[in-house]
file query_11.csv (CSV, C-alpha atoms)
chain,number,residue,atom,x,y,z
A,28,ALA,CA,52.1,138.7,20.2
A,29,ALA,CA,50.8,137.4,21.0
A,30,ASP,CA,52.9,137.6,24.9
A,31,GLY,CA,51.4,137.7,21.2
A,32,ALA,CA,51.4,137.5,21.1
A,33,ALA,CA,52.3,138.9,21.4
A,34,ALA,CA,52.9,135.9,21.4
A,35,PRO,CA,50.8,135.6,18.8
A,36,ALA,CA,51.6,130.8,13.2
A,37,ALA,CA,53.7,131.5,16.2
A,38,GLU,CA,55.7,129.8,18.9
A,39,ALA,CA,55.5,126.8,16.5
A,40,GLY,CA,57.1,123.7,17.8
A,41,ALA,CA,60.3,122.4,16.2
A,42,PRO,CA,60.0,120.6,12.9
A,43,ALA,CA,59.5,116.9,13.1
A,44,PRO,CA,62.8,114.9,12.7
A,45,GLY,CA,63.6,114.7,9.0
A,46,ALA,CA,61.2,117.4,7.9
A,47,ALA,CA,62.6,119.9,5.4
A,48,VAL,CA,61.3,123.4,5.5
A,49,GLY,CA,61.7,124.1,1.8
A,50,ARG,CA,60.6,120.8,0.2
A,51,PRO,CA,57.0,119.7,-0.7
A,52,ARG,CA,55.4,118.1,2.3
A,53,VAL,CA,54.1,114.6,2.3
A,54,ALA,CA,50.4,114.5,3.4
A,55,SER,CA,50.6,113.9,7.1
A,56,GLY,CA,47.4,115.6,8.4
A,57,ARG,CA,49.6,118.2,10.2
A,58,PRO,CA,49.8,121.9,9.3
A,59,PRO,CA,53.1,123.1,7.7
A,60,GLU,CA,55.7,124.8,9.8
A,61,VAL,CA,56.1,128.6,9.5
A,62,ALA,CA,58.5,131.1,11.2
A,63,PRO,CA,56.7,132.0,14.4
A,64,LEU,CA,55.4,135.6,14.9
A,65,PHE,CA,52.4,135.6,17.3
A,66,GLU,CA,51.4,134.0,20.7
A,67,GLN,CA,49.1,131.3,19.2
A,68,PRO,CA,51.1,128.5,17.6
A,69,GLY,CA,50.1,126.9,14.4
A,70,VAL,CA,51.9,123.6,14.4
A,71,LEU,CA,51.1,121.1,17.1
A,72,THR,CA,53.6,118.9,18.8
A,73,PRO,CA,53.6,115.3,17.4
A,74,LYS,CA,52.1,112.6,19.5
A,75,GLY,CA,54.3,111.4,22.3
A,76,LYS,CA,56.9,114.1,21.7
A,77,TYR,CA,58.1,116.9,24.1
A,78,VAL,CA,59.1,120.4,23.1
A,79,LEU,CA,61.2,122.5,25.5
A,80,GLU,CA,61.5,126.1,24.4
A,81,PRO,CA,63.7,128.7,26.1
A,82,SER,CA,62.9,132.2,24.9
A,83,ALA,CA,63.8,135.8,25.5
A,84,GLN,CA,61.9,139.0,24.6
A,85,PHE,CA,62.8,142.6,24.8
A,86,GLY,CA,60.4,145.5,24.4
A,87,TYR,CA,61.0,149.3,24.4
A,88,SER,CA,58.4,152.1,24.4
A,89,SER,CA,58.4,155.8,24.9
A,90,SER,CA,55.6,158.3,25.2
A,91,ASN,CA,55.1,162.0,25.8
A,92,ARG,CA,52.3,163.6,27.8
A,93,VAL,CA,51.4,167.3,27.9
A,94,ALA,CA,48.8,168.6,30.4
A,95,LEU,CA,47.6,172.2,30.2
A,96,VAL,CA,45.9,173.6,33.3
A,97,GLY,CA,44.7,177.2,32.9
A,98,TYR,CA,42.7,179.4,30.5
A,99,THR,CA,43.4,180.9,27.1
A,100,ILE,CA,43.2,184.7,26.5
A,101,ILE,CA,44.1,184.4,22.8
A,102,PRO,CA,44.9,181.2,20.9
A,103,ALA,CA,48.7,181.7,21.3
A,104,LEU,CA,48.7,182.6,25.0
A,105,LEU,CA,47.9,180.3,27.9
A,106,ILE,CA,47.6,181.5,31.5
A,107,GLY,CA,48.2,178.6,33.9
A,108,LEU,CA,50.4,175.5,34.3
A,109,VAL,CA,52.0,173.3,31.7
A,110,ASP,CA,52.9,169.7,32.9
A,111,VAL,CA,55.2,167.8,30.4
A,112,ARG,CA,56.2,164.2,31.0
A,113,GLU,CA,58.3,161.8,29.0
A,114,VAL,CA,58.1,158.1,29.9
A,115,LYS,CA,60.7,155.6,28.6
A,116,ARG,CA,59.9,151.9,29.4
A,117,ASN,CA,62.1,148.8,29.0
A,118,THR,CA,60.8,145.3,29.5
A,119,PHE,CA,62.8,142.0,29.3
A,120,THR,CA,61.1,138.7,29.7
A,121,ALA,CA,62.9,135.3,29.8
A,122,ALA,CA,60.6,132.3,29.7
A,123,LEU,CA,60.7,128.5,29.6
A,124,THR,CA,57.9,126.8,27.7
A,125,GLY,CA,57.1,123.1,27.7
A,126,ARG,CA,54.7,121.3,25.3
A,127,PHE,CA,53.6,117.7,25.0
A,128,GLY,CA,51.8,116.0,22.2
A,129,VAL,CA,48.9,114.1,23.8
A,130,SER,CA,47.7,112.8,20.5
A,131,GLY,CA,48.0,113.6,16.8
A,132,ARG,CA,45.6,116.5,17.3
A,133,LEU,CA,46.0,117.6,20.9
A,134,GLU,CA,48.8,119.2,22.8
A,135,ILE,CA,49.2,120.8,26.2
A,136,GLU,CA,51.5,123.6,27.2
A,137,ALA,CA,53.0,125.3,30.3
A,138,LYS,CA,54.9,128.6,30.3
A,139,LEU,CA,57.1,129.9,33.2
A,140,PRO,CA,58.2,133.6,32.6
A,141,TYR,CA,60.6,135.8,34.5
A,142,VAL,CA,60.1,139.6,34.0
A,143,TYR,CA,62.5,142.5,34.5
A,144,ARG,CA,61.0,146.0,33.9
A,145,SER,CA,62.5,149.5,34.2
A,146,ASP,CA,60.7,152.9,33.7
A,147,ALA,CA,62.1,156.4,33.6
A,148,THR,CA,59.8,159.4,33.9
A,149,VAL,CA,61.3,162.8,32.9
A,150,SER,CA,59.2,165.8,34.0
A,151,ARG,CA,59.4,169.3,35.4
A,152,GLU,CA,58.0,169.6,38.9
A,153,ILE,CA,54.5,170.9,38.7
A,154,PHE,CA,53.2,174.0,40.7
A,155,THR,CA,56.8,175.4,40.6
A,156,GLY,CA,58.6,177.8,38.3
A,157,THR,CA,61.7,175.7,38.0
A,158,ALA,CA,63.2,174.9,34.6
A,159,VAL,CA,65.1,171.9,36.0
A,160,GLU,CA,64.0,168.5,34.7
A,161,ARG,CA,63.3,165.7,37.3
A,162,VAL,CA,63.9,162.0,36.6
A,163,PHE,CA,61.8,159.4,38.4
A,164,ASP,CA,63.4,156.0,38.0
A,165,THR,CA,61.8,152.7,39.1
A,166,SER,CA,62.2,149.0,38.2
A,167,GLY,CA,61.0,145.6,39.2
A,168,LYS,CA,62.0,142.0,38.6
A,169,ALA,CA,60.3,138.8,39.7
A,170,LEU,CA,58.4,135.8,38.4
A,171,GLY,CA,55.7,136.6,35.9
A,172,ASP,CA,52.2,135.1,35.4
A,173,VAL,CA,52.4,131.4,34.8
A,174,GLU,CA,50.3,130.2,31.8
A,175,LEU,CA,48.7,126.9,30.9
A,176,ALA,CA,47.2,126.1,27.5
A,177,ALA,CA,45.7,123.4,25.4
A,178,ARG,CA,45.3,123.3,21.6
A,179,TYR,CA,43.3,120.9,19.4
A,180,GLN,CA,43.4,120.5,15.6
A,181,LEU,CA,39.8,120.5,14.3
A,182,ASN,CA,40.3,119.0,10.8
A,183,ASN,CA,42.6,117.0,8.6
A,184,GLY,CA,43.4,119.8,6.1
A,185,GLY,CA,45.9,119.1,3.3
A,186,ALA,CA,47.3,120.7,0.1
A,187,ASP,CA,45.2,123.7,-0.8
A,188,GLN,CA,43.0,123.0,2.2
A,189,SER,CA,42.7,125.0,5.4
A,190,TYR,CA,43.8,123.8,8.8
A,191,TYR,CA,41.9,125.0,11.9
A,192,VAL,CA,43.4,124.8,15.4
A,193,ALA,CA,41.3,125.8,18.5
A,194,GLY,CA,43.1,126.9,21.7
A,195,LEU,CA,42.4,127.8,25.3
A,196,ARG,CA,44.9,129.6,27.5
A,197,PHE,CA,44.7,130.3,31.2
A,198,LYS,CA,46.9,133.0,32.8
A,199,SER,CA,47.5,132.9,36.6
A,200,ARG,CA,48.4,135.7,39.1
A,201,THR,CA,51.8,134.4,40.1
A,202,GLY,CA,53.5,137.7,39.1
A,203,ARG,CA,54.1,140.6,41.5
A,204,ASP,CA,50.7,142.2,42.0
A,205,PRO,CA,50.3,145.8,40.8
A,206,PHE,CA,48.1,146.6,43.9
A,207,ASP,CA,50.8,145.4,46.3
A,208,VAL,CA,53.7,147.5,45.1
A,209,VAL,CA,54.0,150.8,47.0
A,210,THR,CA,52.7,153.9,45.1
A,211,ASP,CA,54.2,157.3,45.6
A,212,CYS,CA,51.1,158.9,47.3
A,213,ALA,CA,51.0,160.1,51.0
A,214,ARG,CA,47.4,159.0,51.6
A,215,ARG,CA,45.4,158.7,48.4
A,216,CYS,CA,46.2,158.7,44.7
A,217,ILE,CA,42.8,159.8,43.3
A,218,GLY,CA,40.3,162.5,44.2
A,219,GLU,CA,40.6,166.0,45.5
A,220,ASN,CA,43.2,165.3,48.2
A,221,ALA,CA,45.6,163.3,46.0
A,222,THR,CA,49.2,163.8,47.0
A,223,GLY,CA,52.5,162.5,45.4
A,224,THR,CA,53.4,161.6,41.9
A,225,GLY,CA,51.1,158.6,41.7
A,226,LEU,CA,53.9,156.5,40.3
A,227,PRO,CA,54.9,153.1,41.7
A,228,LEU,CA,58.1,152.9,43.6
A,229,SER,CA,58.7,149.4,42.2
A,230,LEU,CA,57.1,147.9,39.1
A,231,PRO,CA,54.8,144.9,39.1
A,232,THR,CA,55.6,141.8,37.0
A,233,GLY,CA,52.1,140.5,36.6
A,234,SER,CA,48.7,141.8,35.6
A,235,GLY,CA,47.1,141.1,39.0
A,236,PHE,CA,44.1,139.3,37.4
A,237,TYR,CA,43.2,135.8,36.3
A,238,SER,CA,42.5,135.5,32.6
A,239,LEU,CA,41.1,133.0,30.1
A,240,GLN,CA,41.6,133.3,26.4
A,241,PRO,CA,40.0,131.1,23.7
A,242,SER,CA,41.4,131.3,20.2
A,243,LEU,CA,41.1,129.9,16.7
A,244,THR,CA,44.0,129.7,14.3
A,245,TRP,CA,43.8,129.2,10.6
A,246,LEU,CA,46.5,128.0,8.2
A,247,TYR,CA,46.3,127.6,4.4
A,248,PRO,CA,49.2,126.1,2.5
A,249,SER,CA,49.6,127.3,-1.1
A,250,ASP,CA,53.0,126.3,-2.4
A,251,PRO,CA,55.4,127.9,-1.9
A,252,ALA,CA,53.7,130.1,0.7
A,253,VAL,CA,51.6,129.4,3.8
A,254,PHE,CA,48.9,131.9,4.8
A,255,PHE,CA,47.9,132.0,8.4
A,256,GLY,CA,45.9,134.0,10.9
A,257,SER,CA,43.9,133.8,14.2
A,258,VAL,CA,41.3,135.5,16.3
A,259,SER,CA,41.2,135.5,20.1
A,260,TYR,CA,39.2,136.9,23.0
A,261,LEU,CA,40.9,137.5,26.4
A,262,TYR,CA,38.6,137.7,29.4
A,263,ASN,CA,39.9,139.2,32.7
A,264,PHE,CA,38.1,138.1,35.8
A,265,LYS,CA,37.2,141.0,38.1
A,266,ARG,CA,38.6,141.3,41.6
A,267,ARG,CA,36.6,142.4,44.7
A,268,ASN,CA,37.8,144.3,47.8
A,269,VAL,CA,40.9,145.6,46.0
A,270,SER,CA,43.1,148.1,47.8
A,271,ARG,CA,46.3,150.0,46.7
A,272,THR,CA,49.4,150.2,49.0
A,273,VAL,CA,50.6,153.8,49.5
A,274,LEU,CA,53.4,155.4,51.6
A,275,ASN,CA,53.8,154.8,55.3
A,276,GLY,CA,52.2,151.3,55.0
A,277,GLU,CA,48.7,152.8,54.5
A,278,THR,CA,46.2,151.5,51.9
A,279,GLU,CA,43.6,153.1,49.7
A,280,ALA,CA,40.4,151.1,49.1
A,281,LEU,CA,39.5,150.7,45.5
A,282,GLY,CA,36.6,148.3,45.7
A,283,THR,CA,35.8,146.0,42.7
A,284,VAL,CA,38.1,146.4,39.7
A,285,GLU,CA,37.3,144.8,36.3
A,286,PRO,CA,39.8,145.2,33.4
A,287,GLY,CA,38.5,145.5,29.9
A,288,ALA,CA,38.5,142.4,27.7
A,289,VAL,CA,40.9,142.1,24.8
A,290,LEU,CA,39.7,141.2,21.3
A,291,GLY,CA,42.6,140.3,19.0
A,292,PHE,CA,43.3,139.2,15.5
A,293,ASN,CA,46.3,138.7,13.3
A,294,PHE,CA,47.3,137.5,9.8
A,295,GLY,CA,50.4,136.8,7.9
A,296,MET,CA,52.3,134.8,5.3
A,297,GLY,CA,55.2,132.4,5.6
A,298,LEU,CA,57.6,131.6,2.8
A,299,ALA,CA,60.3,128.9,2.6
A,300,LEU,CA,63.7,130.2,1.5
A,301,ASN,CA,65.5,126.8,1.3
A,302,GLU,CA,65.5,123.5,3.0
A,303,LYS,CA,66.4,125.0,6.4
A,304,ALA,CA,65.2,128.6,6.4
A,305,SER,CA,61.9,130.3,6.2
A,306,LEU,CA,60.6,133.9,6.5
A,307,SER,CA,57.3,135.3,7.8
A,308,ILE,CA,55.6,138.7,7.8
A,309,GLY,CA,52.4,139.5,9.6
A,310,TYR,CA,50.2,142.0,11.4
A,311,ASP,CA,48.9,141.7,14.9
A,312,HIS,CA,46.1,143.9,16.4
A,313,ASN,CA,44.5,144.0,19.8
A,314,THR,CA,41.5,146.1,21.0
A,315,ILE,CA,41.5,146.6,24.8
A,316,GLY,CA,38.3,147.6,26.5
A,317,ARG,CA,37.9,150.2,29.2
A,318,THR,CA,38.5,149.4,32.9
A,319,ARG,CA,35.6,149.6,35.4
A,320,GLN,CA,35.7,150.3,39.1
A,321,ASN,CA,32.7,149.5,41.2
A,322,GLY,CA,30.6,149.1,38.1
A,323,ALA,CA,31.6,152.5,36.6
A,324,VAL,CA,34.2,153.3,33.9
A,325,VAL,CA,37.4,154.6,35.5
A,326,PRO,CA,37.9,158.3,34.6
A,327,GLY,CA,40.4,158.6,31.9
A,328,SER,CA,40.1,155.0,30.8
A,329,VAL,CA,39.5,154.7,27.1
A,330,ARG,CA,39.4,151.9,24.5
A,331,THR,CA,43.0,151.2,23.4
A,332,GLN,CA,44.2,150.0,20.0
A,333,LEU,CA,47.5,148.1,19.7
A,334,GLY,CA,48.8,147.4,16.2
A,335,THR,CA,52.1,145.7,15.5
A,336,LEU,CA,53.9,144.8,12.2
A,337,LEU,CA,56.1,141.7,12.6
A,338,ILE,CA,58.8,140.0,10.6
A,339,GLY,CA,60.1,136.6,11.6
A,340,TYR,CA,62.9,134.3,10.6
A,341,SER,CA,63.3,130.6,11.3
A,342,TYR,CA,66.4,128.4,10.7
A,343,ARG,CA,66.6,124.7,11.4
A,344,LEU,CA,69.8,124.0,13.2
A,345,SER,CA,69.2,120.2,13.3
A,346,ASN,CA,66.4,117.7,13.1
A,347,ASN,CA,65.2,118.5,16.6
A,348,LYS,CA,66.3,122.1,17.1
A,349,THR,CA,65.2,125.4,15.4
A,350,LEU,CA,66.2,129.0,16.0
A,351,ASN,CA,63.3,131.5,15.6
A,352,ILE,CA,63.8,135.3,15.6
A,353,ALA,CA,61.0,137.9,15.3
A,354,VAL,CA,61.0,141.7,15.3
A,355,GLY,CA,57.9,143.9,15.8
A,356,ALA,CA,57.4,147.6,15.1
A,357,GLY,CA,54.5,149.4,16.9
A,358,LEU,CA,52.1,151.2,14.5
A,359,THR,CA,49.8,152.8,17.1
A,360,ARG,CA,50.6,155.3,19.8
A,361,ASP,CA,50.1,152.9,22.7
A,362,THR,CA,52.0,150.0,21.2
A,363,PRO,CA,55.7,149.3,22.2
A,364,ASP,CA,58.0,151.0,19.7
A,365,VAL,CA,60.0,147.9,19.1
A,366,THR,CA,60.0,144.3,20.3
A,367,LEU,CA,62.6,141.6,19.7
A,368,SER,CA,62.1,137.9,20.5
A,369,VAL,CA,64.3,134.9,20.2
A,370,ARG,CA,63.1,131.3,20.6
A,371,LEU,CA,64.9,128.0,20.5
A,372,PRO,CA,62.4,125.1,20.5
A,373,MET,CA,64.0,121.6,21.0
A,374,THR,CA,62.0,118.4,20.3
A,375,PHE,CA,62.6,115.2,22.3
call {"tool": "encode", "arguments": {"input": "query_11.csv", "output": "structure tokens"}}
result
Amino acid sequence: AADGAAAPAAEAGAPAPGAAVGRPRVASGRPPEVAPLFEQPGVLTPKGKYVLEPSAQFGYSSSNRVALVGYTIIPALLIGLVDVREVKRNTFTAALTGRFGVSGRLEIEAKLPYVYRSDATVSREIFTGTAVERVFDTSGKALGDVELAARYQLNNGGADQSYYVAGLRFKSRTGRDPFDVVTDCARRCIGENATGTGLPLSLPTGSGFYSLQPSLTWLYPSDPAVFFGSVSYLYNFKRRNVSRTVLNGETEALGTVEPGAVLGFNFGMGLALNEKASLSIGYDHNTIGRTRQNGAVVPGSVRTQLGTLLIGYSYRLSNNKTLNIAVGAGLTRDTPDVTLSVRLPMTF
């Protein structure tokens, strides 16, 4: 992100008062600051200090789907139905993150997000001969999933020596549940008697599942650059007795739903431009496992690969305030086409 993610190394706290970005660092046992790119931060909050970080992130993605239902007489001639859909998705997330340095090596964090989403699905009505395109618009805005995290620096590190930071993040279910929003189906959305578009009438703002994510971040200072990277594993806890809300207040029983786990890694390089500015470039990749329902893989669910190329810029406005900007470009089909995030960490 790194959401890094994605978040997500990234979401780094503001530089310590008096610290210069572009000057040789006096050995302090703390990793060097870099322009943030991903979800997992690299620099811990100094002992006894607070960091308050307002942030905003915008993401845009588009995809096309073509479904052919029929049979082919010759390779160039299809007898049957052609269902073409184009989906355009916009997501805006505003968040307030607070971090506190418990000791020189340990920090705790809490993140409160607010999410606004809008989707537009452009399609031609299936089972008809019309050439008129139909647009299905839907949106949603509400509190997102609140997150709690803790990070611990495992070693002292130093010049030409690696730093290792272990992290553990917990994601709640405070966002609007995807199983509670009304889906455009008369009675059921799957099976032989499925009716309706199967699209939600309003969009959820949370995942609907509790998650736990351990991670390990690595930083290696090699003047004038800093190399960094991390690995993480996101486990989603299964839910039992899940049901989906459809039209007319009815529900469709789904049973036990277990989302696939997410294995992620990223790497990059940070470079100081002068005493106040630094630039980072990196790559973030996540592998999402298949979703299971009642112990069986959901039909149509496949392993998904998300790859993002990111460029970040950091400028120190004052001794306790830093402006961080990052731009991401999706490299795989399922990754958002572009993401833009702005952070303003303030140290107290």
call {"tool": "residues_around", "arguments": {"input": "query_11.csv", "residues": "Phe85 of chain A", "least_positions_apart": "5", "cutoff": "6 Å", "atoms": "all atoms listed in the file", "output": "CSV table (one decimal) with C-alpha atoms, in the frame of the given file"}}
result
chain,number,residue,atom,x,y,z
A,118,THR,CA,60.8,145.3,29.5
A,119,PHE,CA,62.8,142.0,29.3
A,366,THR,CA,60.0,144.3,20.3
A,367,LEU,CA,62.6,141.6,19.7
call {"tool": "residues_around", "arguments": {"input": "query_11.csv", "residues": "Ser229 of chain A", "least_positions_apart": "4", "cutoff": "7 Å", "atoms": "all atoms listed in the file", "output": "ChimeraX atom specification"}}
result
/A:165-167,208-209
call {"tool": "residues_around", "arguments": {"input": "query_11.csv", "residues": "Asp187 of chain A", "least_positions_apart": "4", "cutoff": "8 Å", "atoms": "all atoms listed in the file", "output": "compact mmCIF listing (two decimals) with C-alpha atoms, in the frame of the given file"}}
result
# COMPACT_ATOMS: atom_id res chain seq x y z
CA TYR A 247 46.30 127.60 4.40
CA PRO A 248 49.20 126.10 2.50
CA SER A 249 49.60 127.30 -1.10
call {"tool": "closest_residue", "arguments": {"input": "query_11.csv", "among": "A:Asn347, A:Thr278, A:Asn293, A:Thr232", "to": "Tyr310 of chain A", "atoms": "all atoms listed in the file"}}
result
A:Asn293
call {"tool": "closest_residue", "arguments": {"input": "query_11.csv", "among": "A:Asn183, A:Arg370, A:Leu139, A:Asn346", "to": "Glu302 of chain A", "atoms": "all atoms listed in the file"}}
result
A:Asn346
call {"tool": "residues_near_point", "arguments": {"input": "query_11.csv", "point": "(56.4, 129.7, 4.4)", "cutoff": "10 Å", "atoms": "only C-alpha atoms", "output": "ChimeraX atom specification"}}
result
/A:48-49,59-62,248-255,295-300,304-308,341
call {"tool": "closest_residue", "arguments": {"input": "query_11.csv", "among": "A:Gly128, A:Ser234, A:Thr335, A:Gly309", "to": "Glu285 of chain A", "atoms": "only C-alpha atoms"}}
result
A:Ser234
call {"tool": "atom_distance", "arguments": {"input": "query_11.csv", "atom1": "atom CA of Arg266 of chain A", "atom2": "atom CA of Gly291 of chain A"}}
result
23.0 Å
call {"tool": "residues_around", "arguments": {"input": "query_11.csv", "residues": "Ala280 of chain A", "least_positions_apart": "4", "cutoff": "9 Å", "atoms": "all atoms listed in the file", "output": "list in words"}}
result
Asn268, Val269, Ser270 and Arg271 of chain A
call {"tool": "residues_around", "arguments": {"input": "query_11.csv", "residues": "Leu239 of chain A", "least_positions_apart": "2", "cutoff": "9 Å", "atoms": "only C-alpha atoms", "output": "VMD selection string"}}
result
chain A and resid 195 to 198 237 241 260 to 264
call {"tool": "write_last_selection", "arguments": {"input": "query_11.csv", "atoms": "C-alpha atoms", "output": "compact mmCIF listing (two decimals), in the coordinates of the input"}}
result
# COMPACT_ATOMS: atom_id res chain seq x y z
CA LEU A 195 42.40 127.80 25.30
CA ARG A 196 44.90 129.60 27.50
CA PHE A 197 44.70 130.30 31.20
CA LYS A 198 46.90 133.00 32.80
CA TYR A 237 43.20 135.80 36.30
CA PRO A 241 40.00 131.10 23.70
CA TYR A 260 39.20 136.90 23.00
CA LEU A 261 40.90 137.50 26.40
CA TYR A 262 38.60 137.70 29.40
CA ASN A 263 39.90 139.20 32.70
CA PHE A 264 38.10 138.10 35.80
call {"tool": "atom_distance", "arguments": {"input": "query_11.csv", "atom1": "atom CA of Thr244 of chain A", "atom2": "atom CA of Arg200 of chain A"}}
result
25.9 Å
call {"tool": "atom_distance", "arguments": {"input": "query_11.csv", "atom1": "atom CA of Gly316 of chain A", "atom2": "atom CA of Arg203 of chain A"}}
result
22.9 Å
call {"tool": "closest_residue", "arguments": {"input": "query_11.csv", "among": "A:Leu336, A:Leu226, A:Thr283, A:Pro73", "to": "Thr318 of chain A", "atoms": "only C-alpha atoms"}}
result
A:Thr283
call {"tool": "closest_residue", "arguments": {"input": "query_11.csv", "among": "A:Ala193, A:Ile315, A:Val162, A:Leu230", "to": "Val258 of chain A", "atoms": "only C-alpha atoms"}}
result
A:Ala193
call {"tool": "build_atoms", "arguments": {"input": "query_11.csv", "residues": "segment 326-333 of chain A", "atoms": "all heavy atoms", "output": "compact mmCIF listing (two decimals), keeping the file's coordinate frame"}}
result
# COMPACT_ATOMS: atom_id res chain seq x y z
N PRO A 326 37.63 157.04 35.34
CA PRO A 326 37.90 158.30 34.60
C PRO A 326 39.23 158.26 33.91
O PRO A 326 40.25 157.88 34.47
CB PRO A 326 37.90 159.34 35.76
CG PRO A 326 37.06 158.73 36.84
CD PRO A 326 37.32 157.26 36.77
N GLY A 327 39.21 158.65 32.66
CA GLY A 327 40.40 158.60 31.90
C GLY A 327 40.69 157.32 31.15
O GLY A 327 41.59 157.23 30.32
N SER A 328 39.90 156.27 31.46
CA SER A 328 40.10 155.00 30.80
C SER A 328 39.36 155.00 29.46
O SER A 328 38.16 155.31 29.39
CB SER A 328 39.53 153.86 31.68
OG SER A 328 39.63 152.61 31.01
N VAL A 329 40.06 154.68 28.40
CA VAL A 329 39.50 154.70 27.10
C VAL A 329 39.83 153.35 26.37
O VAL A 329 40.73 152.62 26.80
CB VAL A 329 40.03 155.85 26.21
CG1 VAL A 329 39.61 157.18 26.80
CG2 VAL A 329 41.55 155.77 26.09
N ARG A 330 39.11 153.06 25.30
CA ARG A 330 39.40 151.90 24.50
C ARG A 330 40.76 152.09 23.80
O ARG A 330 40.98 153.12 23.18
CB ARG A 330 38.32 151.58 23.51
CG ARG A 330 38.56 150.33 22.65
CD ARG A 330 37.34 149.99 21.83
NE ARG A 330 36.25 149.55 22.70
CZ ARG A 330 36.09 148.32 23.14
NH1 ARG A 330 36.99 147.37 22.82
NH2 ARG A 330 35.08 148.01 23.91
N THR A 331 41.64 151.09 23.91
CA THR A 331 43.00 151.20 23.40
C THR A 331 43.20 150.28 22.20
O THR A 331 42.78 149.12 22.24
CB THR A 331 44.03 150.91 24.48
OG1 THR A 331 43.80 151.77 25.61
CG2 THR A 331 45.44 151.13 23.97
N GLN A 332 43.86 150.78 21.16
CA GLN A 332 44.20 150.00 20.00
C GLN A 332 45.65 149.75 19.89
O GLN A 332 46.45 150.70 19.93
CB GLN A 332 43.68 150.73 18.71
CG GLN A 332 42.22 151.15 18.73
CD GLN A 332 41.27 149.98 18.66
OE1 GLN A 332 41.63 148.89 18.19
NE2 GLN A 332 40.03 150.18 19.09
N LEU A 333 46.05 148.49 19.77
CA LEU A 333 47.50 148.10 19.70
C LEU A 333 47.68 147.40 18.33
O LEU A 333 47.11 146.34 18.09
CB LEU A 333 47.87 147.20 20.81
CG LEU A 333 47.62 147.70 22.24
CD1 LEU A 333 48.06 146.65 23.25
CD2 LEU A 333 48.33 149.02 22.48
